[in-house]
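First the structure, in the form of structure tokens, and then the observations on it.
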Amino acid sequence: MAGTVQSSSVKPRLGEITERIVRRSHDSRSRYLDRIAAAAEKGPSRQKLGCANQAHGFAACGPGDKAMLREGAGVNLGIVTAYNDMLSAHQPYERYPDLIRAAARAAGGVAQVAGGVPAMCDGVTQGEAGMELSLFSRDVIALSTAVALSHQTFDSSVYLGICDKIVPGLVIGALSFGHLPAVFIPAGPMTSGLSNDDKAKIRQLFAEGKVGRDALLEAESQAYHGPGTCTFYGTANTNQMMMEIMGLHLPGASFVNPNTPLRDALTTAAAERAMAMTALGNDYRPVGRMLDERAFVNGIVGLHATGGSTNHTMHVVAMAAAAGIVLTWDDFSELADITPLLCRVYPNGKADVNHFHAAGGMAFVIRELLSDGLLHRDVETVWGSGLDAYTLEPKLTSEGTLDWRDGARESGDENVVRPASRPFQATGGLKLLSGDLGRAVIKTSAIAAERHIIEAPAKVFHSQEELQRAFKAGTLTGDFVAVVRYQGPKANGMPELHKLMPPLGVLQDRGQKVALVTDGRLSGASGKVPAAIHVTPEAADGGAIARIREGDIVRVDAVAGTLTVKVDPAEWAAREPATADLAPSHWGVGRELFGSFRAAVGTADTGATIFAVA
């Protein structure tokens, strides 16, 4: 396998990093490939089911579908859906099963909804108790996907999911059935509303008490106003970028708006591809074989080049592990060092994803990265062999059929997306930190250069609510590093802590030097305040962050890549960790059901997953 990554089309350093991943993963990847090969050799499983089993599987089908399933000659396509009609990103999926069924029948097969998976919204639960279930929902989604496919009546699969934990969970679940082909079908972003920049200003004004709740709610409603994903470049839209650059989407599918003729045509075409890739035909593309080390490296390069979500420093590690591939934060860091930042999309700029798509979007970014030797070109994708097809854009002809045409060769707006020869910065927008306090990641792409190093006294909190109370009381004076601990996966499920950003942003705007150090998360909406996040080991796992005391001098250095505390070594070694009462986070809103998850979860740098790592 090691020889598969050597190619004259990639930069030597990219090849070296990929080779190292291949070597590190050799044993676990080989075991995984052997397992899915054994599953594939058994052939379509439904043909081997007992008569009663088969009858249960098609009892509710119409006569035509039932006849096809009885004879077993055509493809049965399993649909795993994250549809619900409360969340804007997933509401468009209501119509998709009918489109997919029609495409399947036209191809001589059948499509059935195999099962649904939960889809929670961090935007709804932000700052609320439900956020403490958010990260764990990824692994619940993976388990739900496995349950959906466990009937073993499917020859291929499509996945309807788009947001933060949903896509990674679906990928992990799909890889547990890695002998099946898999196509991921996006729903697209909502049309642009109130700008993300203006929304952020209203949030800061509200934090300062200068506008009321009515003004805040009106601004939020103008920003989040219709079907589709939120338009900022957070985890949901980073998911879509990653599914495309890793070859799980059709070319150009990620950022087409919902409920449009082009969106529907792409959904139909995705179902057709899923039908064409099965072991019953001559173009068999099992997802577990397709997602190899090169595909994951391509995904990480895309993350850095676009300034994507820090959540993926955990999600990609967990997804790769499900395919027997061992990734580390060092891989992320070294790939960031060789990847230029090509995009400025909020919170790394003023544009939203619709502006990004219009300025050239994924086709332009992939073309630039390929030309610069920063992507493995010769990977397998759901569209065929090689990434060159992903430099094309889908269009509708006058007859209403799909046609892929050459994507933009020049940026439509260099304030939004730039060629690799003129990047926004020479390296990706993510940095690994390590030192006395453990390991952490920091997203630098939205932080002014003069704030990449912050050294100041610590102010210590055990919840974001504590910090907000201190802000309202006017006690957050002078320069400081806010240490918000006992927010890791073992402590309380590792919630995102975006309620911290408005007050810290206000203080920074007032001229104070501030930074955040936490074992919690911030994700793709991480903004202008320096934030060392995902600190591991976490406080609840004996991490050094639990030994910080009020007034200790903490240094966050995103230039040198260090996270340190200036305390006499002997005193530091003798210190007992501070404790926190975590009981309030262990019950209510369903949290009592997740005690086994908190007990079993791994560390942030190994994916923060309950599943055994590769």
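Chains: A, B, ... in order of the structure tokens. Residues: from 1 per chain. Ligands: from 1, in order shown.
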
Where does DSSP see strand (DSSP E) in range 392-483 of chain A, if you list the residues as a VMD selection string?
-> chain A and resid 392 to 396 402 to 406 430 to 435 438 to 443 453 to 461 480 to 483

Give me a file of those residues, with C-alpha atoms, as a compact mmCIF listing (two decimals), in the first residue's frame.
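Writing done, so here's selection30.txt:
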```
# COMPACT_ATOMS: atom_id res chain seq x y z
CA LEU A 392 -16.14 20.91 -13.25
CA GLU A 393 -19.41 22.60 -12.34
CA PRO A 394 -22.91 21.20 -12.87
CA LYS A 395 -25.31 23.19 -15.02
CA LEU A 396 -28.78 22.55 -16.43
CA LEU A 402 -27.42 17.94 -16.19
CA ASP A 403 -24.21 18.96 -17.90
CA TRP A 404 -20.81 19.38 -16.23
CA ARG A 405 -18.75 22.24 -17.61
CA ASP A 406 -15.31 23.62 -16.89
CA LEU A 430 -5.01 25.95 12.10
CA LYS A 431 -2.16 25.46 14.56
CA LEU A 432 -1.29 22.72 17.04
CA LEU A 433 -0.23 23.94 20.48
CA SER A 434 1.67 21.87 23.05
CA GLY A 435 3.42 22.48 26.33
CA GLY A 438 -1.05 19.57 27.25
CA ARG A 439 -2.06 19.75 23.61
CA ALA A 440 -4.65 22.01 21.98
CA VAL A 441 -5.60 23.49 18.64
CA ILE A 442 -6.08 27.13 17.71
CA LYS A 443 -7.73 28.56 14.62
CA ILE A 453 0.70 35.58 21.09
CA ILE A 454 -1.09 36.41 24.34
CA GLU A 455 0.62 36.22 27.73
CA ALA A 456 -1.46 37.33 30.69
CA PRO A 457 -2.77 36.32 34.14
CA ALA A 458 -5.35 33.54 34.25
CA LYS A 459 -8.94 34.07 35.26
CA VAL A 460 -10.39 30.64 36.00
CA PHE A 461 -13.96 29.46 35.44
CA PHE A 480 -6.16 38.09 30.98
CA VAL A 481 -6.41 34.53 29.72
CA ALA A 482 -9.82 33.03 30.46
CA VAL A 483 -9.39 29.40 31.50
```

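Nearest to Ser137 in chain A of all the residues A:Pro258, A:Asn282, A:Ala60, A:Ala119 is A:Ala119, counting only C-alpha atoms.
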
Excluding Cys163 in chain A and any residue of its chain fewer than 4 positions from it, enumerate the residues within 8 Å of it, using only C-alpha atoms, and give them as a PDB file with C-alpha atoms, in the first residue's frame.
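For reference, part_9.pdb as written:
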```
ATOM      1  CA  ALA A  89     -30.597  22.387   6.940  1.00  0.00           C
ATOM      2  CA  ALA A 119     -30.129  15.535  13.735  1.00  0.00           C
ATOM      3  CA  CYS A 121     -28.778  21.694  15.905  1.00  0.00           C
ATOM      4  CA  VAL A 167     -22.121  13.898   8.477  1.00  0.00           C
ATOM      5  CA  THR A 229     -27.680  25.344   6.085  1.00  0.00           C
ATOM      6  CA  THR A 235     -18.857  22.833  10.790  1.00  0.00           C
ATOM      7  CA  ALA A 236     -21.919  22.144   8.619  1.00  0.00           C
ATOM      8  CA  ASN A 237     -20.505  23.801   5.518  1.00  0.00           C
ATOM      9  CA  ASN A 239     -18.655  19.017   6.162  1.00  0.00           C
TER      10      ASN A 239
END
```

Can you list, as JSON, numbers by chain, every protein, DNA or RNA residue that comes within 12 Å of Ser176 in chain A when you count only C-alpha atoms, leaving out same-chain residues fewer than 5 positions away?
-> {"A": [32, 33, 35, 36, 39, 142, 143, 144, 145, 146, 147, 148, 149, 150, 169, 170, 171, 181, 182, 286, 287, 288, 289, 319, 320, 321, 322, 323, 324, 611]}

10 Å contact set for Lys350 in chain A, only C-alpha atoms, chain neighbours under 6 positions out, as a count of residues only = 8

Secondary structure check, alpha helix (DSSP H) residues of range 183-287 of chain A, as JSON, numbers by chain | {"A": [196, 197, 198, 199, 200, 201, 202, 203, 204, 205, 206, 207, 213, 214, 215, 216, 217, 218, 219, 220, 221, 222, 223, 235, 236, 237, 238, 239, 240, 241, 242, 243, 244, 245, 261, 262, 263, 264, 265, 266, 267, 268, 269, 270, 271, 272, 273, 274, 275, 276, 287]}

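In this model, the gap between CA of Thr475 in chain A and CA of Val506 in chain A comes to 13.6 Å.
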
Excluding Gly247 in chain A and any residue of its chain fewer than 6 positions from it, enumerate the residues within 8 Å of it, using only C-alpha atoms, and give them as an MDAnalysis selection string.
-> chainID A and resid 295 380:383 387

Hey, what's within 12 Å of Ser25 in chain A if we count only C-alpha atoms and toss same-chain stuff fewer than 4 positions away? As a ChimeraX atom specification, please?
-> /A:1-2,18-21,29-33,292-293,320-328,613-614
